[in-house]
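Trainee: Here you go, one structure.
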Amino acid sequence: MYLAKVTGALVSTTKHASLNGCKLLFVARLDEHYQPTGTAQVAVDFVGAGNDEIVIVTTGSSARMSNSKEHSVIDAAVVGIVDALEFNHR
């Protein structure tokens with residue numbers, strides 16, 4: 001899992017059946033200073049995230065298990081919205 005910032009949404013009328021009804025978002029992975037790394041990815045939104053929110057993204061088989069449909073093609077899923085961040089700086 002990693003933190004990312006939602007940078008946009010996309011609409012696709014033609015897609016794999018396992019994605020029907022799914023909201024698709026563009027997310028940019030964040031570094032340790034909460035800055036986008038420049039690597040963007042499309043993720044399925046399961047939590048109702050909005051633009052500019054910091055979210056938790058999971059990938060691979062964990063992302064596929066977020067969807068109840070069998071044979072899902074999901075590779076990245078938004079599974080949480082970050083409300084607050086705290087760090088212990090040493």
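Ordered as shown in the structure tokens, chains take letters A, B, and onward, while each chain numbers its residues from 1 and ligands are numbered from 1 in the order shown.
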Would you mind listing what lies within 8 Å of Ala77 of chain A as a ChimeraX atom specification, with only C-alpha atoms counted and same-chain residues fewer than 6 positions away left out?

Mentor: /A:43-46,57-59,63-64,66

Trainee: May I have the residues from that selection written out with N, CA and C atoms, as an mmCIF file, in the first residue's frame?

Mentor:
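The result, written out as again.cif:
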data_model
loop_
_atom_site.group_PDB
_atom_site.id
_atom_site.type_symbol
_atom_site.label_atom_id
_atom_site.label_comp_id
_atom_site.auth_asym_id
_atom_site.auth_seq_id
_atom_site.Cartn_x
_atom_site.Cartn_y
_atom_site.Cartn_z
ATOM 1 N N ALA A 43 -6.690 4.072 -10.714
ATOM 2 C CA ALA A 43 -7.118 3.195 -9.630
ATOM 3 C C ALA A 43 -8.641 3.215 -9.542
ATOM 4 N N VAL A 44 -9.204 2.089 -9.169
ATOM 5 C CA VAL A 44 -10.645 1.995 -8.945
ATOM 6 C C VAL A 44 -10.929 2.533 -7.546
ATOM 7 N N ASP A 45 -11.935 3.405 -7.446
ATOM 8 C CA ASP A 45 -12.278 4.037 -6.176
ATOM 9 C C ASP A 45 -13.390 3.258 -5.477
ATOM 10 N N PHE A 46 -13.088 2.718 -4.289
ATOM 11 C CA PHE A 46 -14.084 1.988 -3.504
ATOM 12 C C PHE A 46 -14.573 2.771 -2.299
ATOM 13 N N VAL A 57 -3.753 3.589 -1.392
ATOM 14 C CA VAL A 57 -3.907 2.766 -2.589
ATOM 15 C C VAL A 57 -3.266 1.409 -2.336
ATOM 16 N N THR A 58 -3.947 0.362 -2.730
ATOM 17 C CA THR A 58 -3.386 -0.978 -2.681
ATOM 18 C C THR A 58 -3.306 -1.508 -4.114
ATOM 19 N N THR A 59 -2.385 -2.416 -4.355
ATOM 20 C CA THR A 59 -2.175 -2.917 -5.716
ATOM 21 C C THR A 59 -2.135 -4.443 -5.730
ATOM 22 N N ALA A 63 -5.787 -5.484 -4.426
ATOM 23 C CA ALA A 63 -6.717 -4.601 -5.128
ATOM 24 C C ALA A 63 -7.834 -5.398 -5.779
ATOM 25 N N ARG A 64 -7.495 -6.527 -6.373
ATOM 26 C CA ARG A 64 -8.515 -7.366 -7.008
ATOM 27 C C ARG A 64 -9.521 -7.886 -5.995
ATOM 28 N N SER A 66 -10.639 -6.343 -3.504
ATOM 29 C CA SER A 66 -11.527 -5.258 -3.087
ATOM 30 C C SER A 66 -12.847 -5.304 -3.841
#

Trainee: Chain A: which residues are strand (DSSP E or B) by DSSP, as a ChimeraX atom specification?

Mentor: /A:2-10,23-30,36-45,54-59,76-81

Trainee: Would you mind listing what lies within 7 Å of Ile54 of chain A as a list of chain:residue names, with only C-alpha atoms counted and same-chain residues fewer than 3 positions away left out?

Mentor: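 Once the adjacent positions are removed, what remains is A:Leu3, A:Ala4, A:Lys5, A:Val6, A:Ile81, A:Val82.
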
Trainee: So that I have them on file, write out the residues from the current selection with C-alpha atoms, as an mmCIF file, in the first residue's frame.

Mentor:
data_model
loop_
_atom_site.group_PDB
_atom_site.id
_atom_site.type_symbol
_atom_site.label_atom_id
_atom_site.label_comp_id
_atom_site.auth_asym_id
_atom_site.auth_seq_id
_atom_site.Cartn_x
_atom_site.Cartn_y
_atom_site.Cartn_z
ATOM 1 C CA LEU A 3 -0.211 7.120 -0.177
ATOM 2 C CA ALA A 4 -1.323 8.998 -3.264
ATOM 3 C CA LYS A 5 -3.098 12.199 -4.219
ATOM 4 C CA VAL A 6 -6.158 12.114 -6.441
ATOM 5 C CA ILE A 81 -9.133 8.428 2.513
ATOM 6 C CA VAL A 82 -6.520 9.996 4.813
#

Trainee: For atom CA of Gly21 of chain A and atom CA of Tyr2 of chain A, quote the distance in Å rounded to one decimal.

Mentor: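 Pair atom CA of Gly21 of chain A / atom CA of Tyr2 of chain A returns 24.4 Å.
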
Trainee: Enumerate, as a ChimeraX atom specification, the complete set of residues in chain A that a backbone-based DSSP assignment places in helix (DSSP H, G or I).

Mentor: /A:17-19,61-65

Trainee: Suppose we keep all heavy atoms; can you now write the selection as a compact mmCIF listing (two decimals), in the first residue's frame?

Mentor:
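Full text of out_31.txt as output:
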# COMPACT_ATOMS: atom_id res chain seq x y z
N ALA A 17 -15.85 -6.05 -18.32
CA ALA A 17 -17.10 -6.17 -17.57
C ALA A 17 -16.90 -6.04 -16.06
O ALA A 17 -17.78 -5.53 -15.36
CB ALA A 17 -17.76 -7.51 -17.89
N SER A 18 -15.74 -6.44 -15.54
CA SER A 18 -15.50 -6.34 -14.09
C SER A 18 -15.35 -4.90 -13.63
O SER A 18 -15.39 -4.63 -12.43
CB SER A 18 -14.27 -7.15 -13.69
OG SER A 18 -13.09 -6.56 -14.19
N LEU A 19 -15.21 -3.96 -14.57
CA LEU A 19 -15.09 -2.54 -14.22
C LEU A 19 -16.40 -1.78 -14.36
O LEU A 19 -16.46 -0.60 -14.03
CB LEU A 19 -14.02 -1.87 -15.09
CG LEU A 19 -12.60 -2.38 -14.89
CD1 LEU A 19 -11.66 -1.70 -15.89
CD2 LEU A 19 -12.13 -2.16 -13.47
N SER A 61 -2.98 -8.37 -6.07
CA SER A 61 -4.08 -9.24 -5.67
C SER A 61 -4.94 -8.60 -4.58
O SER A 61 -6.14 -8.84 -4.51
CB SER A 61 -3.57 -10.60 -5.22
OG SER A 61 -2.72 -10.46 -4.10
N SER A 62 -4.36 -7.76 -3.74
CA SER A 62 -5.14 -7.06 -2.71
C SER A 62 -6.16 -6.13 -3.35
O SER A 62 -7.29 -6.00 -2.87
CB SER A 62 -4.23 -6.26 -1.79
OG SER A 62 -3.36 -7.11 -1.09
N ALA A 63 -5.79 -5.48 -4.43
CA ALA A 63 -6.72 -4.60 -5.13
C ALA A 63 -7.83 -5.40 -5.78
O ALA A 63 -9.00 -5.01 -5.73
CB ALA A 63 -5.97 -3.78 -6.19
N ARG A 64 -7.50 -6.53 -6.37
CA ARG A 64 -8.51 -7.37 -7.01
C ARG A 64 -9.52 -7.89 -5.99
O ARG A 64 -10.70 -8.02 -6.28
CB ARG A 64 -7.87 -8.53 -7.77
CG ARG A 64 -7.35 -8.13 -9.13
CD ARG A 64 -6.86 -9.31 -9.91
NE ARG A 64 -5.64 -9.89 -9.40
CZ ARG A 64 -4.44 -9.32 -9.49
NH1 ARG A 64 -4.31 -8.16 -10.08
NH2 ARG A 64 -3.37 -9.91 -9.00
N MET A 65 -9.08 -8.17 -4.77
CA MET A 65 -9.97 -8.69 -3.75
C MET A 65 -10.91 -7.61 -3.21
O MET A 65 -11.89 -7.92 -2.54
CB MET A 65 -9.18 -9.33 -2.62
CG MET A 65 -8.49 -10.61 -3.09
SD MET A 65 -7.71 -11.66 -1.85
CE MET A 65 -7.14 -10.60 -0.61

Trainee: What does the distance from atom CA of Gly50 of chain A to atom CA of Lys23 of chain A come to in Å, to one decimal?

Mentor: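 Separation of atom CA of Gly50 of chain A and atom CA of Lys23 of chain A: 10.7 Å.
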
Trainee: Taking only C-alpha atoms into account, name the residue in A:Leu10, A:Cys22, A:Arg29, A:His16 that is nearest to Val73 of chain A.

Mentor: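 Closest to Val73 of chain A, using only C-alpha atoms: A:His16.
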
Trainee: Which residue, A:Ile74, A:Gly80, A:Gly8, A:Leu30, has the smallest gap to Asn51 of chain A when you use only C-alpha atoms?

Mentor: A:Gly8

Trainee: Quick check, in Å to one decimal: how far apart do atom CA of Ala76 of chain A and atom CA of Asn20 of chain A lie?

Mentor: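 Between these atoms lies a distance of 15.5 Å.
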